[in-house]
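upload_6.pdb (PDB, C-alpha atoms) appears below.
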ATOM      1  CA  MET G   1     -10.761  16.639   2.880  1.00  0.00           C
ATOM      2  CA  PRO G   2      -9.462  13.902   0.650  1.00  0.00           C
ATOM      3  CA  ARG G   3     -11.284  10.568   0.623  1.00  0.00           C
ATOM      4  CA  THR G   4      -8.175   8.539  -0.179  1.00  0.00           C
ATOM      5  CA  ALA G   5      -4.465   8.648   0.607  1.00  0.00           C
ATOM      6  CA  THR G   6      -1.293   7.303  -1.004  1.00  0.00           C
ATOM      7  CA  ARG G   7       0.224   4.633   1.251  1.00  0.00           C
ATOM      8  CA  ARG G   8       3.749   3.258   1.050  1.00  0.00           C
ATOM      9  CA  CYS G   9       3.720  -0.529   1.285  1.00  0.00           C
ATOM     10  CA  ASN G  10       6.746  -2.719   0.499  1.00  0.00           C
ATOM     11  CA  GLY G  11       8.301  -0.110  -1.787  1.00  0.00           C
ATOM     12  CA  THR G  12       5.116   0.479  -3.778  1.00  0.00           C
ATOM     13  CA  LEU G  13       2.464   3.193  -3.628  1.00  0.00           C
ATOM     14  CA  GLN G  14      -1.200   2.291  -3.136  1.00  0.00           C
ATOM     15  CA  GLY G  15      -4.287   4.490  -3.140  1.00  0.00           C
ATOM     16  CA  VAL G  16      -6.317   3.507  -0.060  1.00  0.00           C
ATOM     17  CA  PRO G  17      -9.514   4.841   1.544  1.00  0.00           C
ATOM     18  CA  LEU G  18      -9.081   6.797   4.778  1.00  0.00           C
ATOM     19  CA  ASP G  19     -10.809   4.086   6.832  1.00  0.00           C
ATOM     20  CA  ASP G  20      -7.981   1.660   5.967  1.00  0.00           C
ATOM     21  CA  ILE G  21      -5.239   3.917   7.356  1.00  0.00           C
ATOM     22  CA  ALA G  22      -3.973   2.798  10.768  1.00  0.00           C
ATOM     23  CA  PRO G  23      -1.510   4.407  13.185  1.00  0.00           C
ATOM     24  CA  GLY G  24       2.040   3.372  12.372  1.00  0.00           C
ATOM     25  CA  GLY G  25       1.408   3.401   8.629  1.00  0.00           C
ATOM     26  CA  ARG G  26       3.333   5.544   6.201  1.00  0.00           C
ATOM     27  CA  LEU G  27       1.758   7.890   3.651  1.00  0.00           C
ATOM     28  CA  LEU G  28       3.234   9.885   0.798  1.00  0.00           C
ATOM     29  CA  ILE G  29       2.087  13.509   0.809  1.00  0.00           C
ATOM     30  CA  ARG G  30       2.830  15.140  -2.543  1.00  0.00           C
ATOM     31  CA  GLN G  31       3.066  18.842  -3.299  1.00  0.00           C
ATOM     32  CA  GLY G  32      -0.446  20.343  -3.222  1.00  0.00           C
ATOM     33  CA  ASP G  33      -1.963  17.378  -1.340  1.00  0.00           C
ATOM     34  CA  VAL G  34      -4.061  17.871   1.779  1.00  0.00           C
ATOM     35  CA  VAL G  35      -2.914  15.782   4.746  1.00  0.00           C
ATOM     36  CA  PRO G  36      -5.723  13.254   5.377  1.00  0.00           C
ATOM     37  CA  VAL G  37      -4.762  12.190   8.932  1.00  0.00           C
ATOM     38  CA  ASP G  38      -2.646  13.435  11.834  1.00  0.00           C
ATOM     39  CA  GLY G  39       0.974  12.291  11.898  1.00  0.00           C
ATOM     40  CA  ARG G  40       4.650  13.161  12.092  1.00  0.00           C
ATOM     41  CA  ILE G  41       6.892  13.994   9.170  1.00  0.00           C
ATOM     42  CA  ALA G  42       9.092  10.945   8.731  1.00  0.00           C
ATOM     43  CA  LEU G  43      11.139  11.760   5.625  1.00  0.00           C
ATOM     44  CA  LEU G  44      11.649  15.020   3.744  1.00  0.00           C
ATOM     45  CA  ARG G  45      13.186  14.935   0.277  1.00  0.00           C
ATOM     46  CA  PRO G  46      14.995  18.311   0.640  1.00  0.00           C
ATOM     47  CA  SER G  47      16.319  19.591   3.971  1.00  0.00           C
ATOM     48  CA  SER G  48      13.000  21.293   4.771  1.00  0.00           C
ATOM     49  CA  ALA G  49       9.619  21.770   3.115  1.00  0.00           C
ATOM     50  CA  PRO G  50       7.288  24.735   3.168  1.00  0.00           C
ATOM     51  CA  TRP G  51       3.977  23.831   4.663  1.00  0.00           C
ATOM     52  CA  ARG G  52       0.638  25.582   4.628  1.00  0.00           C
ATOM     53  CA  CYS G  53      -1.646  24.908   7.561  1.00  0.00           C
ATOM     54  CA  TRP G  54      -5.433  25.458   7.446  1.00  0.00           C
ATOM     55  CA  ALA G  55      -5.098  27.917  10.341  1.00  0.00           C
ATOM     56  CA  ASN G  56      -2.185  29.844   8.860  1.00  0.00           C
ATOM     57  CA  PRO G  57      -2.552  31.532   5.449  1.00  0.00           C
ATOM     58  CA  LEU G  58       1.214  31.902   4.983  1.00  0.00           C
ATOM     59  CA  PRO G  59       3.552  28.975   4.242  1.00  0.00           C
ATOM     60  CA  VAL G  60       5.508  27.832   7.278  1.00  0.00           C
ATOM     61  CA  ARG G  61       8.798  25.918   7.055  1.00  0.00           C
ATOM     62  CA  ILE G  62       8.842  22.795   9.168  1.00  0.00           C
ATOM     63  CA  GLY G  63      11.385  20.043   9.607  1.00  0.00           C
ATOM     64  CA  ARG G  64      11.630  16.310  10.176  1.00  0.00           C
ATOM     65  CA  ARG G  65       9.673  14.828  13.120  1.00  0.00           C
ATOM     66  CA  ALA G  66       7.343  17.863  13.158  1.00  0.00           C
ATOM     67  CA  GLU G  67       3.643  17.244  13.720  1.00  0.00           C
ATOM     68  CA  ALA G  68       1.331  17.539  10.717  1.00  0.00           C
ATOM     69  CA  MET G  69      -2.372  18.101  11.338  1.00  0.00           C
ATOM     70  CA  SER G  70      -5.016  16.723   9.045  1.00  0.00           C
ATOM     71  CA  GLY G  71      -6.499  19.372   6.785  1.00  0.00           C
ATOM     72  CA  SER G  72      -3.121  21.043   6.201  1.00  0.00           C
ATOM     73  CA  ALA G  73      -1.946  21.495   2.630  1.00  0.00           C
ATOM     74  CA  ASN G  74       1.594  20.726   1.481  1.00  0.00           C
ATOM     75  CA  ALA G  75       2.935  23.807  -0.320  1.00  0.00           C
ATOM     76  CA  GLY G  76       6.418  22.343  -0.779  1.00  0.00           C
ATOM     77  CA  ALA G  77       8.217  19.159  -1.728  1.00  0.00           C
ATOM     78  CA  ALA G  78       6.768  15.681  -1.190  1.00  0.00           C
ATOM     79  CA  PHE G  79       7.374  13.979   2.140  1.00  0.00           C
ATOM     80  CA  ASP G  80       6.514  10.812   4.038  1.00  0.00           C
ATOM     81  CA  LEU G  81       4.059  11.012   6.920  1.00  0.00           C
ATOM     82  CA  ALA G  82       4.120   8.524   9.804  1.00  0.00           C
ATOM     83  CA  VAL G  83       0.457   8.179  10.827  1.00  0.00           C
ATOM     84  CA  THR G  84      -0.238   8.751  14.543  1.00  0.00           C
ATOM     85  CA  ARG G  85      -4.079   8.694  14.574  1.00  0.00           C
ATOM     86  CA  GLU G  86      -6.882   7.120  12.601  1.00  0.00           C
ATOM     87  CA  ALA G  87      -8.914   9.347  10.273  1.00  0.00           C
ATOM     88  CA  LYS G  88     -11.979   9.262  12.558  1.00  0.00           C
ATOM     89  CA  ASP G  89      -9.859  10.567  15.485  1.00  0.00           C
ATOM     90  CA  SER G  90      -7.960  13.228  13.508  1.00  0.00           C
ATOM     91  CA  THR G  91      -8.000  16.949  14.185  1.00  0.00           C
ATOM     92  CA  CYS G  92     -10.001  17.728  11.063  1.00  0.00           C
ATOM     93  CA  ALA G  93     -12.635  15.066  11.855  1.00  0.00           C
ATOM     94  CA  GLY G  94     -13.021  16.583  15.336  1.00  0.00           C
ATOM     95  CA  ILE G  95     -13.575  20.039  13.846  1.00  0.00           C
ATOM     96  CA  VAL G  96     -16.184  18.659  11.437  1.00  0.00           C
ATOM     97  CA  ARG G  97     -17.994  16.848  14.285  1.00  0.00           C
ATOM     98  CA  LEU G  98     -18.018  20.050  16.356  1.00  0.00           C
ATOM     99  CA  ALA G  99     -19.338  22.137  13.447  1.00  0.00           C
ATOM    100  CA  VAL G 100     -22.157  19.641  12.798  1.00  0.00           C
ATOM    101  CA  LYS G 101     -23.062  19.601  16.492  1.00  0.00           C
ATOM    102  CA  VAL G 102     -23.152  23.407  16.701  1.00  0.00           C
ATOM    103  CA  GLN G 103     -25.189  23.677  13.528  1.00  0.00           C
ATOM    104  CA  ALA G 104     -27.730  21.126  14.770  1.00  0.00           C
ATOM    105  CA  SER G 105     -28.304  22.872  18.088  1.00  0.00           C
ATOM    106  CA  LYS G 106     -30.155  26.150  18.458  1.00  0.00           C
ATOM    107  CA  ALA G 107     -29.867  28.625  21.263  1.00  0.00           C
ATOM    108  CA  PRO G 108     -32.997  29.078  23.435  1.00  0.00           C
ATOM    109  CA  ARG G 109     -33.501  32.609  22.081  1.00  0.00           C
ATOM    110  CA  ALA G 110     -33.337  31.356  18.501  1.00  0.00           C
ATOM    111  CA  ARG G 111     -36.006  28.737  19.242  1.00  0.00           C
ATOM    112  CA  LEU G 112     -38.213  31.409  20.864  1.00  0.00           C
ATOM    113  CA  ALA G 113     -37.730  33.729  17.876  1.00  0.00           C
ATOM    114  CA  CYS G 114     -38.746  30.943  15.473  1.00  0.00           C
ATOM    115  CA  ARG G 115     -41.902  30.194  17.471  1.00  0.00           C
ATOM    116  CA  ARG G 116     -42.814  33.874  17.726  1.00  0.00           C
ATOM    117  CA  SER G 117     -42.170  34.546  14.036  1.00  0.00           C
ATOM    118  CA  ARG G 118     -44.818  31.991  13.032  1.00  0.00           C
ATOM    119  CA  GLY G 119     -47.423  33.931  14.985  1.00  0.00           C
ATOM    120  CA  ASP G 120     -46.212  37.245  13.578  1.00  0.00           C
ATOM    121  CA  LEU G 121     -46.493  35.879  10.050  1.00  0.00           C
ATOM    122  CA  ALA G 122     -50.069  34.700  10.631  1.00  0.00           C
ATOM    123  CA  VAL G 123     -51.120  38.086  12.075  1.00  0.00           C
ATOM    124  CA  THR G 124     -49.420  39.995   9.231  1.00  0.00           C
ATOM    125  CA  ALA G 125     -51.057  37.827   6.560  1.00  0.00           C
ATOM    126  CA  THR G 126     -54.499  38.255   8.210  1.00  0.00           C
ATOM    127  CA  ILE G 127     -54.166  42.051   8.362  1.00  0.00           C
ATOM    128  CA  ALA G 128     -52.938  42.178   4.739  1.00  0.00           C
ATOM    129  CA  PHE G 129     -55.901  40.067   3.569  1.00  0.00           C
ATOM    130  CA  ALA G 130     -58.327  42.255   5.566  1.00  0.00           C
ATOM    131  CA  ALA G 131     -56.805  45.459   4.077  1.00  0.00           C
ATOM    132  CA  ARG G 132     -57.251  44.047   0.572  1.00  0.00           C
ATOM    133  CA  TRP G 133     -60.829  42.933   1.294  1.00  0.00           C
ATOM    134  CA  PHE G 134     -61.990  46.205   2.918  1.00  0.00           C
ATOM    135  CA  THR G 135     -60.340  48.605   0.440  1.00  0.00           C
ATOM    136  CA  GLY G 136     -60.547  46.543  -2.728  1.00  0.00           C
ATOM    137  CA  ASP G 137     -57.057  47.780  -3.589  1.00  0.00           C
ATOM    138  CA  PRO G 138     -54.349  45.072  -3.972  1.00  0.00           C
ATOM    139  CA  ILE G 139     -51.649  47.656  -3.199  1.00  0.00           C
ATOM    140  CA  GLN G 140     -53.051  48.008   0.331  1.00  0.00           C
ATOM    141  CA  ALA G 141     -52.471  44.266   0.892  1.00  0.00           C
ATOM    142  CA  LEU G 142     -48.773  44.800   0.185  1.00  0.00           C
ATOM    143  CA  ALA G 143     -48.448  47.964   2.260  1.00  0.00           C
ATOM    144  CA  MET G 144     -48.880  46.178   5.602  1.00  0.00           C
ATOM    145  CA  PRO G 145     -46.140  43.529   5.254  1.00  0.00           C
ATOM    146  CA  VAL G 146     -43.703  45.906   3.544  1.00  0.00           C
ATOM    147  CA  GLN G 147     -43.927  48.987   5.772  1.00  0.00           C
ATOM    148  CA  PRO G 148     -41.138  49.339   8.335  1.00  0.00           C
ATOM    149  CA  ARG G 149     -41.813  48.079  11.813  1.00  0.00           C
ATOM    150  CA  LEU G 150     -41.335  50.570  14.631  1.00  0.00           C
ATOM    151  CA  ALA G 151     -39.472  49.489  17.737  1.00  0.00           C
ATOM    152  CA  PRO G 152     -41.564  49.373  20.947  1.00  0.00           C
TER     153      PRO G 152
END

Translate this structure into structure tokens?
Amino acid sequence: MPRTATRRCNGTLQGVPLDDIAPGGRLLIRQGDVVPVDGRIALLRPSSAPWRCWANPLPVRIGRRAEAMSGSANAGAAFDLAVTREAKDSTCAGIVRLAVKVQASKAPRARLACRRSRGDLAVTATIAFAARWFTGDPIQALAMPVQPRLAP
């Protein structure tokens, strides 16, 4: 995601951070740019522009007044975007928040597996150390942790 956007203000272009973009504003989205916030296409230079969405690998032609989701890439001519949502409320920000939430949470089985694996590691290391100590052969210490485990 871009950290800044190009805003149209009184006939001039300004680079502004995403936090300064408010609904009702107008942004210039050039060819190859990623749309930073959700909005509607306000002005197309040609009659229509190809558009590549993050969910669609093929370019899609869209017209004036069409919705543009944040995170989409412009594969065609430059156009003006009328902002409809702030960056923190955009589609892409929602997806990022959801991904962080999912990554931070673990399923109950995953937590149980983590707890159990600590005990398994301690038992395996103890048996490997005992095999090395009793036989005097360092290869025997490696045989225990490396050998395949049979299913119960």

- Task: Determine the nearest neighbour of Gly94 of chain G from the options G:Ala128, G:Met69, G:Val35, G:Ile139, counting only C-alpha atoms.
- Result: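 The closest residue to Gly94 of chain G is G:Met69.
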
- Task: Could you please determine the separation between atom CA of Ala66 of chain G and atom CA of Ile29 of chain G in Å, to one decimal place?
- Result: 14.1 Å

I need the residue set behind the PyMOL selection byres ((chain G and resi 89) around 12) for this file; please write it as an mmCIF file with C-alpha atoms, in the coordinates of the input.
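Listed below is the output, part.cif:
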data_model
loop_
_atom_site.group_PDB
_atom_site.id
_atom_site.type_symbol
_atom_site.label_atom_id
_atom_site.label_comp_id
_atom_site.auth_asym_id
_atom_site.auth_seq_id
_atom_site.Cartn_x
_atom_site.Cartn_y
_atom_site.Cartn_z
ATOM 1 C CA LEU G 18 -9.081 6.797 4.778
ATOM 2 C CA ASP G 19 -10.809 4.086 6.832
ATOM 3 C CA ILE G 21 -5.239 3.917 7.356
ATOM 4 C CA ALA G 22 -3.973 2.798 10.768
ATOM 5 C CA PRO G 23 -1.510 4.407 13.185
ATOM 6 C CA PRO G 36 -5.723 13.254 5.377
ATOM 7 C CA VAL G 37 -4.762 12.190 8.932
ATOM 8 C CA ASP G 38 -2.646 13.435 11.834
ATOM 9 C CA GLY G 39 0.974 12.291 11.898
ATOM 10 C CA MET G 69 -2.372 18.101 11.338
ATOM 11 C CA SER G 70 -5.016 16.723 9.045
ATOM 12 C CA VAL G 83 0.457 8.179 10.827
ATOM 13 C CA THR G 84 -0.238 8.751 14.543
ATOM 14 C CA ARG G 85 -4.079 8.694 14.574
ATOM 15 C CA GLU G 86 -6.882 7.120 12.601
ATOM 16 C CA ALA G 87 -8.914 9.347 10.273
ATOM 17 C CA LYS G 88 -11.979 9.262 12.558
ATOM 18 C CA SER G 90 -7.960 13.228 13.508
ATOM 19 C CA THR G 91 -8.000 16.949 14.185
ATOM 20 C CA CYS G 92 -10.001 17.728 11.063
ATOM 21 C CA ALA G 93 -12.635 15.066 11.855
ATOM 22 C CA GLY G 94 -13.021 16.583 15.336
ATOM 23 C CA ILE G 95 -13.575 20.039 13.846
ATOM 24 C CA VAL G 96 -16.184 18.659 11.437
ATOM 25 C CA ARG G 97 -17.994 16.848 14.285
#

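Residue nearest Gly32 of chain G within the list G:Ala122, G:Leu98, G:Gly71, G:Pro138: G:Gly71 [criterion: smallest interatomic distance, all atoms listed in the file].
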
- Query: What lies within 12 Å of segment 129-132 of chain G using only C-alpha atoms, ignoring chain neighbours under 4 positions off, as an MDAnalysis selection string?
  - Reply: chainID G and resid 122:125 136:145

- Go ahead and compute the interatomic distance for atom CA of Asp20 of chain G and atom CA of Val34 of chain G, in Å to one decimal. 17.2 Å

- Item | Coordinates-based distance that separates atom CA of Gly119 of chain G from atom CA of Val102 of chain G (Å, one decimal) |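 Here the two named atoms are 26.5 Å from each other.
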